[in-house]
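For reference, run.cif (mmCIF, C-alpha atoms and all ligand atoms):
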data_structure
#
loop_
_atom_site.label_atom_id
_atom_site.label_comp_id
_atom_site.auth_asym_id
_atom_site.auth_seq_id
_atom_site.Cartn_x
_atom_site.Cartn_y
_atom_site.Cartn_z
CA MET D 1 60.01 104.79 59.07
CA LEU D 2 56.33 104.46 59.91
CA THR D 3 55.72 101.87 62.57
CA ARG D 4 52.41 100.10 62.12
CA THR D 5 50.75 99.49 65.43
CA PRO D 6 48.36 96.58 65.87
CA ALA D 7 45.49 99.10 66.15
CA SER D 8 46.27 100.76 62.81
CA ARG D 9 46.71 97.38 61.19
CA GLU D 10 43.29 96.29 62.39
CA ARG D 11 41.72 99.47 61.10
CA ASP D 12 43.32 98.73 57.75
CA ASP D 13 41.92 95.20 57.86
CA ALA D 14 38.42 96.59 58.26
CA THR D 15 38.52 98.70 55.11
CA PRO D 16 37.51 96.77 51.98
CA ARG D 17 40.40 96.43 49.52
CA HIS D 18 40.49 95.21 45.95
CA ASP D 19 44.23 94.99 45.44
CA TRP D 20 45.07 91.76 47.21
CA THR D 21 48.17 89.89 46.18
CA ARG D 22 48.62 86.15 46.52
CA ALA D 23 51.67 86.77 48.75
CA GLY D 24 49.77 89.10 51.08
CA ALA D 25 46.79 86.77 51.36
CA ALA D 26 49.00 83.71 51.81
CA GLN D 27 50.86 85.44 54.58
CA LEU D 28 47.57 85.96 56.44
CA TYR D 29 46.46 82.36 55.77
CA GLY D 30 49.72 81.11 57.29
CA LEU D 31 49.62 83.22 60.46
CA PRO D 32 49.66 81.38 63.77
CA PHE D 33 46.06 80.19 64.17
CA ASN D 34 45.28 82.37 67.19
CA ASP D 35 46.63 85.49 65.47
CA LEU D 36 44.60 84.78 62.33
CA LEU D 37 41.41 84.23 64.32
CA PHE D 38 41.98 87.36 66.37
CA ARG D 39 42.44 89.43 63.21
CA ALA D 40 39.35 87.92 61.59
CA ALA D 41 37.19 88.30 64.69
CA THR D 42 38.27 91.92 65.05
CA VAL D 43 37.27 92.67 61.45
CA HIS D 44 34.01 90.82 61.96
CA ARG D 45 33.11 92.94 64.98
CA THR D 46 33.88 96.15 63.11
CA HIS D 47 31.18 95.46 60.56
CA PHE D 48 28.72 93.03 62.11
CA ASP D 49 27.15 91.99 65.35
CA PRO D 50 29.20 88.81 65.93
CA ASN D 51 26.28 87.10 67.66
CA ARG D 52 23.86 87.33 64.79
CA VAL D 53 23.76 84.91 61.90
CA GLN D 54 21.71 85.38 58.76
CA ARG D 55 19.61 82.36 57.79
CA SER D 56 18.58 81.35 54.31
CA GLN D 57 16.73 78.37 53.01
CA LEU D 58 17.56 76.60 49.80
CA LEU D 59 15.26 74.70 47.48
CA SER D 60 16.16 72.66 44.44
CA ILE D 61 13.53 73.77 41.92
CA LYS D 62 14.89 71.49 39.22
CA THR D 63 17.01 68.54 40.22
CA GLY D 64 19.55 66.43 38.32
CA GLY D 65 20.28 65.78 34.66
CA CYS D 66 22.64 68.75 34.38
CA ALA D 67 24.78 69.07 31.25
CA GLU D 68 27.78 70.37 33.20
CA ASP D 69 30.37 67.99 34.64
CA CYS D 70 31.29 69.57 37.98
CA GLY D 71 33.30 66.84 39.68
CA TYR D 72 31.69 67.30 43.09
CA CYS D 73 28.10 67.30 41.97
CA SER D 74 25.47 64.58 42.27
CA GLN D 75 23.29 66.36 39.71
CA SER D 76 25.60 66.13 36.73
CA ALA D 77 24.37 63.84 33.96
CA HIS D 78 28.03 62.90 33.48
CA HIS D 79 28.25 61.10 36.83
CA ALA D 80 26.62 57.90 38.07
CA SER D 81 25.44 59.26 41.40
CA GLY D 82 22.08 57.52 41.14
CA LEU D 83 20.19 60.79 41.56
CA LYS D 84 16.88 60.81 39.73
CA ALA D 85 16.39 63.84 37.51
CA SER D 86 13.16 65.80 37.88
CA LYS D 87 11.38 68.54 35.98
CA LEU D 88 11.10 72.16 37.01
CA MET D 89 8.79 72.46 40.02
CA GLU D 90 5.37 74.06 39.80
CA VAL D 91 5.42 77.75 40.71
CA ARG D 92 2.78 77.36 43.43
CA SER D 93 4.72 74.53 45.12
CA VAL D 94 7.82 76.70 45.27
CA ILE D 95 5.90 79.60 46.80
CA GLU D 96 4.28 77.30 49.33
CA ALA D 97 7.69 75.92 50.34
CA ALA D 98 8.99 79.50 50.70
CA ARG D 99 6.04 80.35 52.93
CA LYS D 100 6.98 77.46 55.25
CA ALA D 101 10.63 78.52 55.23
CA LYS D 102 9.61 82.01 56.28
CA ALA D 103 7.52 80.62 59.12
CA GLY D 104 10.63 78.68 60.20
CA GLY D 105 12.71 81.87 60.45
CA ALA D 106 14.38 82.06 57.03
CA THR D 107 14.66 85.60 55.64
CA ARG D 108 16.01 84.69 52.24
CA TYR D 109 14.83 82.02 49.85
CA CYS D 110 17.39 80.56 47.48
CA MET D 111 16.20 78.58 44.49
CA GLY D 112 18.59 76.42 42.51
CA ALA D 113 18.12 74.69 39.18
CA ALA D 114 20.51 72.09 37.75
CA TRP D 115 21.03 73.75 34.40
CA ARG D 116 23.99 74.82 32.33
CA GLU D 117 21.72 77.76 31.52
CA PRO D 118 17.93 78.19 31.62
CA LYS D 119 15.94 77.57 28.46
CA GLN D 120 13.66 80.37 27.34
CA ARG D 121 10.59 78.23 28.00
CA ASP D 122 11.62 77.92 31.66
CA MET D 123 12.13 81.61 32.23
CA ASP D 124 8.42 82.47 32.57
CA ALA D 125 8.07 80.06 35.48
CA VAL D 126 11.32 81.18 37.08
CA VAL D 127 10.24 84.82 36.90
CA ALA D 128 6.87 83.93 38.49
CA MET D 129 8.73 82.16 41.32
CA VAL D 130 10.81 85.26 42.04
CA GLU D 131 7.71 87.47 42.03
CA GLY D 132 5.80 85.08 44.28
CA VAL D 133 8.57 84.72 46.87
CA LYS D 134 9.17 88.49 46.89
CA ALA D 135 5.46 89.00 47.57
CA LEU D 136 5.91 87.00 50.80
CA GLY D 137 8.36 89.66 52.00
CA MET D 138 11.43 87.46 51.64
CA GLU D 139 14.67 88.18 49.86
CA THR D 140 15.17 86.10 46.75
CA CYS D 141 18.22 84.37 45.37
CA MET D 142 18.54 82.14 42.34
CA THR D 143 21.20 79.96 40.86
CA LEU D 144 20.42 78.88 37.32
CA GLY D 145 23.82 78.63 35.64
CA MET D 146 24.89 80.95 32.86
CA LEU D 147 22.50 83.73 31.83
CA THR D 148 21.91 85.81 28.73
CA ASP D 149 21.53 89.56 29.14
CA THR D 150 17.81 89.11 28.45
CA ASP D 151 17.52 86.56 31.29
CA ILE D 152 19.35 88.92 33.61
CA ALA D 153 17.06 91.83 32.73
CA ARG D 154 13.95 89.70 33.29
CA LEU D 155 15.15 88.47 36.67
CA LYS D 156 16.07 91.97 37.74
CA THR D 157 12.65 93.31 36.76
CA ALA D 158 10.97 90.44 38.64
CA GLY D 159 12.75 91.62 41.79
CA LEU D 160 15.54 89.08 42.15
CA ASP D 161 17.83 90.28 44.92
CA TYR D 162 20.80 87.93 44.56
CA TYR D 163 22.30 85.76 41.92
CA ASN D 164 24.49 82.88 43.00
CA HIS D 165 27.30 81.79 40.75
CA ASN D 166 30.27 80.20 42.50
CA ILE D 167 33.77 80.30 41.11
CA ASP D 168 34.31 77.03 43.01
CA THR D 169 38.13 77.08 43.22
CA SER D 170 41.22 78.78 41.82
CA GLU D 171 41.64 79.49 38.14
CA ARG D 172 44.60 77.06 38.10
CA TYR D 173 42.63 74.16 39.58
CA TYR D 174 39.34 74.88 37.82
CA SER D 175 39.86 72.54 34.87
CA GLU D 176 40.59 69.66 37.26
CA ILE D 177 37.06 70.02 38.60
CA ILE D 178 34.98 71.20 35.62
CA THR D 179 35.68 70.85 31.91
CA THR D 180 32.36 71.91 30.37
CA ARG D 181 32.84 75.61 31.11
CA THR D 182 35.75 77.85 31.99
CA PHE D 183 36.71 80.03 34.89
CA ALA D 184 36.39 83.00 32.51
CA ASP D 185 32.76 81.99 31.69
CA ARG D 186 32.04 82.18 35.38
CA LEU D 187 33.58 85.62 35.82
CA ASP D 188 31.77 86.89 32.74
CA THR D 189 28.34 85.91 34.12
CA LEU D 190 29.19 87.42 37.49
CA ALA D 191 30.24 90.70 35.86
CA ARG D 192 27.05 90.96 33.81
CA VAL D 193 24.83 90.18 36.82
CA ARG D 194 26.64 92.88 38.77
CA GLU D 195 26.38 95.36 35.95
CA ALA D 196 22.62 94.84 35.91
CA GLY D 197 22.50 95.93 39.55
CA MET D 198 21.86 92.61 41.23
CA LYS D 199 23.67 91.50 44.36
CA VAL D 200 26.20 88.77 43.91
CA CYS D 201 26.66 85.55 45.83
CA SER D 202 29.87 83.76 44.93
CA GLY D 203 32.24 81.48 46.75
CA GLY D 204 33.63 78.01 46.44
CA ILE D 205 34.23 74.55 47.79
CA ILE D 206 37.10 73.59 50.04
CA GLY D 207 38.47 70.06 50.30
CA MET D 208 38.43 69.11 46.60
CA GLY D 209 42.11 68.21 46.63
CA GLU D 210 43.20 71.79 46.00
CA THR D 211 46.39 73.24 47.49
CA GLU D 212 46.50 76.01 50.07
CA THR D 213 47.60 78.32 47.25
CA ASP D 214 44.44 77.43 45.32
CA ARG D 215 42.31 78.38 48.32
CA VAL D 216 44.15 81.66 48.68
CA ASP D 217 43.92 82.34 44.93
CA MET D 218 40.17 81.71 44.90
CA LEU D 219 39.70 84.31 47.63
CA VAL D 220 42.05 86.75 45.90
CA THR D 221 39.90 86.49 42.75
CA LEU D 222 36.71 87.20 44.71
CA ALA D 223 38.22 89.98 46.81
CA ASN D 224 39.70 91.71 43.77
CA LEU D 225 36.39 91.93 41.91
CA GLU D 226 35.33 95.53 41.42
CA GLU D 227 32.80 95.01 44.22
CA HIS D 228 33.04 92.21 46.73
CA PRO D 229 30.25 89.63 46.45
CA GLU D 230 27.67 90.52 49.08
CA SER D 231 27.71 86.87 50.02
CA VAL D 232 30.59 84.43 49.99
CA PRO D 233 29.50 80.82 50.53
CA ILE D 234 32.31 78.57 51.67
CA ASN D 235 31.34 74.93 51.23
CA MET D 236 33.15 71.92 52.59
CA LEU D 237 33.12 69.12 50.04
CA ILE D 238 30.58 66.41 50.72
CA GLU D 239 31.85 63.35 48.93
CA ILE D 240 29.08 61.83 46.88
CA PRO D 241 29.47 58.24 45.67
CA GLY D 242 29.59 58.06 41.89
CA THR D 243 31.13 61.51 41.46
CA PRO D 244 34.78 61.94 40.46
CA LEU D 245 35.61 63.56 43.79
CA ALA D 246 34.38 60.64 45.89
CA GLY D 247 37.37 59.37 47.85
CA THR D 248 39.13 62.75 48.07
CA ALA D 249 41.17 63.07 51.27
CA ARG D 250 39.30 65.13 53.84
CA ILE D 251 40.53 68.63 54.54
CA ASP D 252 42.04 69.38 57.94
CA PRO D 253 39.23 71.24 59.76
CA ILE D 254 41.78 73.78 60.99
CA ASP D 255 42.53 74.67 57.37
CA PHE D 256 38.82 75.07 56.75
CA VAL D 257 38.61 77.59 59.60
CA ARG D 258 41.67 79.38 58.18
CA THR D 259 39.82 79.76 54.87
CA ILE D 260 36.77 81.23 56.60
CA ALA D 261 38.97 83.65 58.55
CA LEU D 262 40.80 84.72 55.40
CA ALA D 263 37.52 85.32 53.57
CA ARG D 264 36.32 87.45 56.48
CA ILE D 265 39.47 89.59 56.49
CA MET D 266 39.64 89.97 52.71
CA MET D 267 35.94 90.76 52.26
CA PRO D 268 35.15 92.49 55.54
CA ARG D 269 31.62 93.64 54.73
CA SER D 270 30.44 90.49 52.97
CA PHE D 271 28.34 87.81 54.54
CA VAL D 272 30.52 84.71 54.75
CA ARG D 273 28.27 81.70 54.56
CA LEU D 274 29.04 78.39 56.16
CA SER D 275 27.34 76.33 53.48
CA ALA D 276 27.46 72.66 52.49
CA GLY D 277 29.23 70.24 54.77
CA ARG D 278 27.82 71.33 58.12
CA THR D 279 26.46 67.83 58.76
CA GLU D 280 30.08 66.63 58.69
CA MET D 281 31.23 69.32 61.11
CA THR D 282 31.29 69.07 64.86
CA ASP D 283 29.54 71.78 66.84
CA GLU D 284 32.98 72.92 67.97
CA LEU D 285 34.16 73.34 64.38
CA GLN D 286 31.06 75.35 63.50
CA ALA D 287 31.60 77.49 66.61
CA LEU D 288 35.17 78.20 65.48
CA CYS D 289 33.89 79.15 62.03
CA PHE D 290 31.41 81.60 63.56
CA PHE D 291 34.23 83.07 65.66
CA ALA D 292 36.39 83.35 62.52
CA GLY D 293 33.71 85.44 60.83
CA ALA D 294 31.13 83.14 59.25
CA ASN D 295 27.78 84.87 59.74
CA SER D 296 25.33 83.12 57.48
CA ILE D 297 24.02 79.58 57.18
CA PHE D 298 21.42 77.56 55.37
CA VAL D 299 18.61 76.30 57.56
CA GLY D 300 16.32 73.35 56.93
CA GLU D 301 16.69 69.58 56.66
CA THR D 302 18.17 69.54 53.17
CA LEU D 303 20.26 71.66 50.84
CA LEU D 304 19.94 70.97 47.15
CA THR D 305 20.44 67.24 47.28
CA THR D 306 22.34 66.66 50.50
CA ASP D 307 21.45 66.71 54.19
CA ASN D 308 21.61 69.79 56.40
CA PRO D 309 21.57 69.80 60.21
CA GLY D 310 17.88 70.78 60.45
CA GLU D 311 15.99 73.25 62.59
CA ASP D 312 16.29 71.53 65.97
CA LYS D 313 20.03 70.98 65.78
CA ASP D 314 20.65 74.55 64.65
CA ALA D 315 18.35 75.98 67.31
CA ASP D 316 20.25 73.99 69.93
CA LEU D 317 23.62 75.14 68.61
CA PHE D 318 22.49 78.77 68.46
CA ARG D 319 21.21 78.53 72.03
CA ARG D 320 24.45 77.08 73.33
CA LEU D 321 26.53 79.70 71.50
CA GLY D 322 24.25 82.61 72.35
CA LEU D 323 23.66 83.28 68.67
CA ASP D 324 20.57 84.83 67.18
CA GLY D 325 19.12 85.18 63.70
CA LEU D 326 19.40 88.33 61.66
CA ASP D 327 16.37 89.89 60.05
CA ILE D 328 16.31 91.32 56.55
CA GLU D 329 16.49 94.97 57.61
CA ALA D 330 19.55 94.38 59.73
CA SER D 331 21.23 92.26 57.11
CA ASP D 332 20.53 94.55 54.21
CA GLY D 333 23.54 96.80 54.16
CA ALA D 334 26.05 94.53 55.71
CA ASN D 335 26.34 95.99 59.00
CA ALA D 336 24.54 95.89 62.07
CA ALA D 337 27.43 97.49 63.88
CA ASP D 338 28.28 100.60 61.90
CA GLY D 339 25.18 101.07 59.78
CA ALA D 340 27.29 101.47 56.67
CA SER D 341 25.56 100.39 53.54
CA ALA D 342 28.25 98.66 51.56
CA ASP D 343 28.24 95.07 50.58
CA GLY D 344 25.14 93.36 51.95
CA PRO D 345 24.11 89.82 52.59
CA GLY D 346 24.13 86.79 50.40
CA CYS D 347 23.32 83.33 49.31
CA HIS D 348 24.25 79.77 48.58
CA GLY D 349 26.64 77.88 46.38
CA HIS D 350 25.84 76.68 42.96
CA ALA D 351 28.08 74.28 44.75
CA ARG D 352 25.83 71.34 44.26
CA SER D 353 27.62 69.77 47.09
CA ALA D 354 25.29 72.28 48.73
S1 LIG G 1 27.13 72.19 40.20
FE1 LIG G 1 25.42 73.09 39.05
S2 LIG G 1 26.26 73.34 37.00
FE2 LIG G 1 27.61 71.88 38.04
S3 LIG G 1 26.80 69.84 37.50
FE3 LIG G 1 25.87 70.46 39.45
S4 LIG G 1 23.92 71.39 38.89
FE4 LIG G 1 25.18 71.36 37.05
#

When written as structure tokens, how does the structure in this file appear?
Amino acid sequence: MLTRTPASRERDDATPRHDWTRAGAAQLYGLPFNDLLFRAATVHRTHFDPNRVQRSQLLSIKTGGCAEDCGYCSQSAHHASGLKASKLMEVRSVIEAARKAKAGGATRYCMGAAWREPKQRDMDAVVAMVEGVKALGMETCMTLGMLTDTDIARLKTAGLDYYNHNIDTSERYYSEIITTRTFADRLDTLARVREAGMKVCSGGIIGMGETETDRVDMLVTLANLEEHPESVPINMLIEIPGTPLAGTARIDPIDFVRTIALARIMMPRSFVRLSAGRTEMTDELQALCFFAGANSIFVGETLLTTDNPGEDKDADLFRRLGLDGLDIEASDGANAADGASADGPGCHGHARSA
């Protein structure tokens, strides 16, 4: 019988797979914490420089009044969060904000609109935003909800690098969180974006009252896609008064780190983004997440509608941890360490907790 040595097992870990089973992933999730972190950190080092973190900035280009009913989101018209809805921003204001983000060190600009799907009259402006941000030399990411094939083709032609569309949670738990669209709708949009040749950013939110099995299942769905999302944002729920998920019991931070580690092992070449919820995390928790394989964050004072640590706090944390940013060239192709071009970097959560 073949005896699997730790070294061969770690080599196996580093090779992207698309045949994960719930049992296999759950077994990893339940490993003793130190073993899980060691496995994840080993995979991380195979594909990335562990001391470099990609930084993106996120802008809400159209806030609130959304027709969807995502239970975590302040922007849903179904919830009484008190958020004031606004119209789509002017193209030149978006480009100006991107210019400032670039000056602050961001390499990717993520633009989110609170829509179920864009209306045709909005697409001209959205396309101009993509073209304008690209012209600054930044990578572009958008999250606009569901897309028609025509929308996808227009965005691709405009130079959109990434499309964000989170699956949020497991298929089983999905209808507990969102009733206005289905898990299958989500996968369909992701598949069509991928087919058009755009990079995919897709992850979820942890701490919405889901079980450990739901967390594992969400990652199994992502890891078993034909290609892994280049970016996997993992958000920690920020409870927003007036939303159905306000009052949800907080997740054990250790379980949050386990989820990051599992994402790193299951999608070894993807950028795992520590997304919403960083303001609620201690520096030590963020440090553990970076050790477990998170290698992307949002920078800036705000995410879509919630607070973010801000430049000074992040600069201080990076200094204390010896972390550095990652430029576009190094991040484009996933790996600083082995130069392989597989699954590259990525973006934020349509997680409007982000
Ligand atoms: S998460 Fe996105 S789709 Fe859902 S309610 Fe918020 S803005 Fe709308």

Note to self: Using only C-alpha atoms and all ligand atoms, can you tell me which of D:Gln27, D:Asn164, D:Thr221, D:Asn51 comes closest to ligand LIG 1 (chain G)?
What the structure shows: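 Of the candidates, the smallest distance to ligand LIG 1 (chain G) is held by D:Asn164.
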
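Our summary of the geometry notes that CA of Val126 in chain D is positioned 28.3 Å from CA of Met236 in chain D.
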
Check: Which residues sit within 7 Å of ligand LIG 1 (chain G), counting only C-alpha atoms and all ligand atoms, listed as an MDAnalysis selection string?
Finding: chainID D and resid 64 66:70 73:76 113:116 145 350:352

Checklist line | Polymer residues at most 8 Å from His44 in chain D, only C-alpha atoms, same-chain spacing of 4 or more positions, as a ChimeraX atom specification | finding: /D:40,48-50,264-265,268,292-293

Notebook entry, point to check: Hey, which of D:Ala23, D:Val220, D:Val232, D:Met138 ends up closest to Ser270 in chain D? Count all atoms listed in the file.
Noted result: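 Of the candidates, the smallest distance to Ser270 in chain D is held by D:Val232.
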
Margin query: Between D:Asp161, D:Asp151, D:Glu90, D:Asp19, which residue has the minimum interatomic distance to Met129 in chain D, considering only C-alpha atoms?
Written below: D:Glu90

Can you pull out the residues contacting range 173-178 of chain D? Cut-off 12 Å, using all atoms listed in the file, and skip same-chain residues under 4 positions away; I want them as a tab-separated table (two decimals) with C-alpha atoms, in the coordinates of the input.
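Final file, around_26.tsv:
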chain	number	residue	atom	x	y	z
D	67	ALA	CA	24.78	69.07	31.25
D	68	GLU	CA	27.78	70.37	33.20
D	69	ASP	CA	30.37	67.99	34.64
D	70	CYS	CA	31.29	69.57	37.98
D	71	GLY	CA	33.30	66.84	39.68
D	72	TYR	CA	31.69	67.30	43.09
D	73	CYS	CA	28.10	67.30	41.97
D	76	SER	CA	25.60	66.13	36.73
D	78	HIS	CA	28.03	62.90	33.48
D	166	ASN	CA	30.27	80.20	42.50
D	167	ILE	CA	33.77	80.30	41.11
D	168	ASP	CA	34.31	77.03	43.01
D	169	THR	CA	38.13	77.08	43.22
D	182	THR	CA	35.75	77.85	31.99
D	183	PHE	CA	36.71	80.03	34.89
D	184	ALA	CA	36.39	83.00	32.51
D	185	ASP	CA	32.76	81.99	31.69
D	186	ARG	CA	32.04	82.18	35.38
D	204	GLY	CA	33.63	78.01	46.44
D	205	ILE	CA	34.23	74.55	47.79
D	206	ILE	CA	37.10	73.59	50.04
D	207	GLY	CA	38.47	70.06	50.30
D	208	MET	CA	38.43	69.11	46.60
D	209	GLY	CA	42.11	68.21	46.63
D	210	GLU	CA	43.20	71.79	46.00
D	211	THR	CA	46.39	73.24	47.49
D	212	GLU	CA	46.50	76.01	50.07
D	213	THR	CA	47.60	78.32	47.25
D	214	ASP	CA	44.44	77.43	45.32
D	215	ARG	CA	42.31	78.38	48.32
D	216	VAL	CA	44.15	81.66	48.68
D	217	ASP	CA	43.92	82.34	44.93
D	218	MET	CA	40.17	81.71	44.90
D	243	THR	CA	31.13	61.51	41.46
D	244	PRO	CA	34.78	61.94	40.46
D	245	LEU	CA	35.61	63.56	43.79
D	351	ALA	CA	28.08	74.28	44.75

Next item on the list: List the neighbours of range 28-34 of chain D out to 8 Å using only C-alpha atoms; skip same-chain residues closer than 6 positions along the sequence, and give me the result as a list in words.
Entry: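 Within the cut-off, the hits are Val216, Arg258, Thr259 and Leu262 of chain D.
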
Deliver the residues from the most recent selection as a file, using C-alpha atoms, as an mmCIF file, in the coordinates of the input.
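Final output, saved to out_31.cif:
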data_model
loop_
_atom_site.group_PDB
_atom_site.id
_atom_site.type_symbol
_atom_site.label_atom_id
_atom_site.label_comp_id
_atom_site.auth_asym_id
_atom_site.auth_seq_id
_atom_site.Cartn_x
_atom_site.Cartn_y
_atom_site.Cartn_z
ATOM 1 C CA VAL D 216 44.150 81.660 48.680
ATOM 2 C CA ARG D 258 41.670 79.380 58.180
ATOM 3 C CA THR D 259 39.820 79.760 54.870
ATOM 4 C CA LEU D 262 40.800 84.720 55.400
#

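Among the candidates D:His79, D:Arg319, D:Arg192, D:Lys119, the one nearest to Gly242 in chain D when counting only C-alpha atoms is D:His79.
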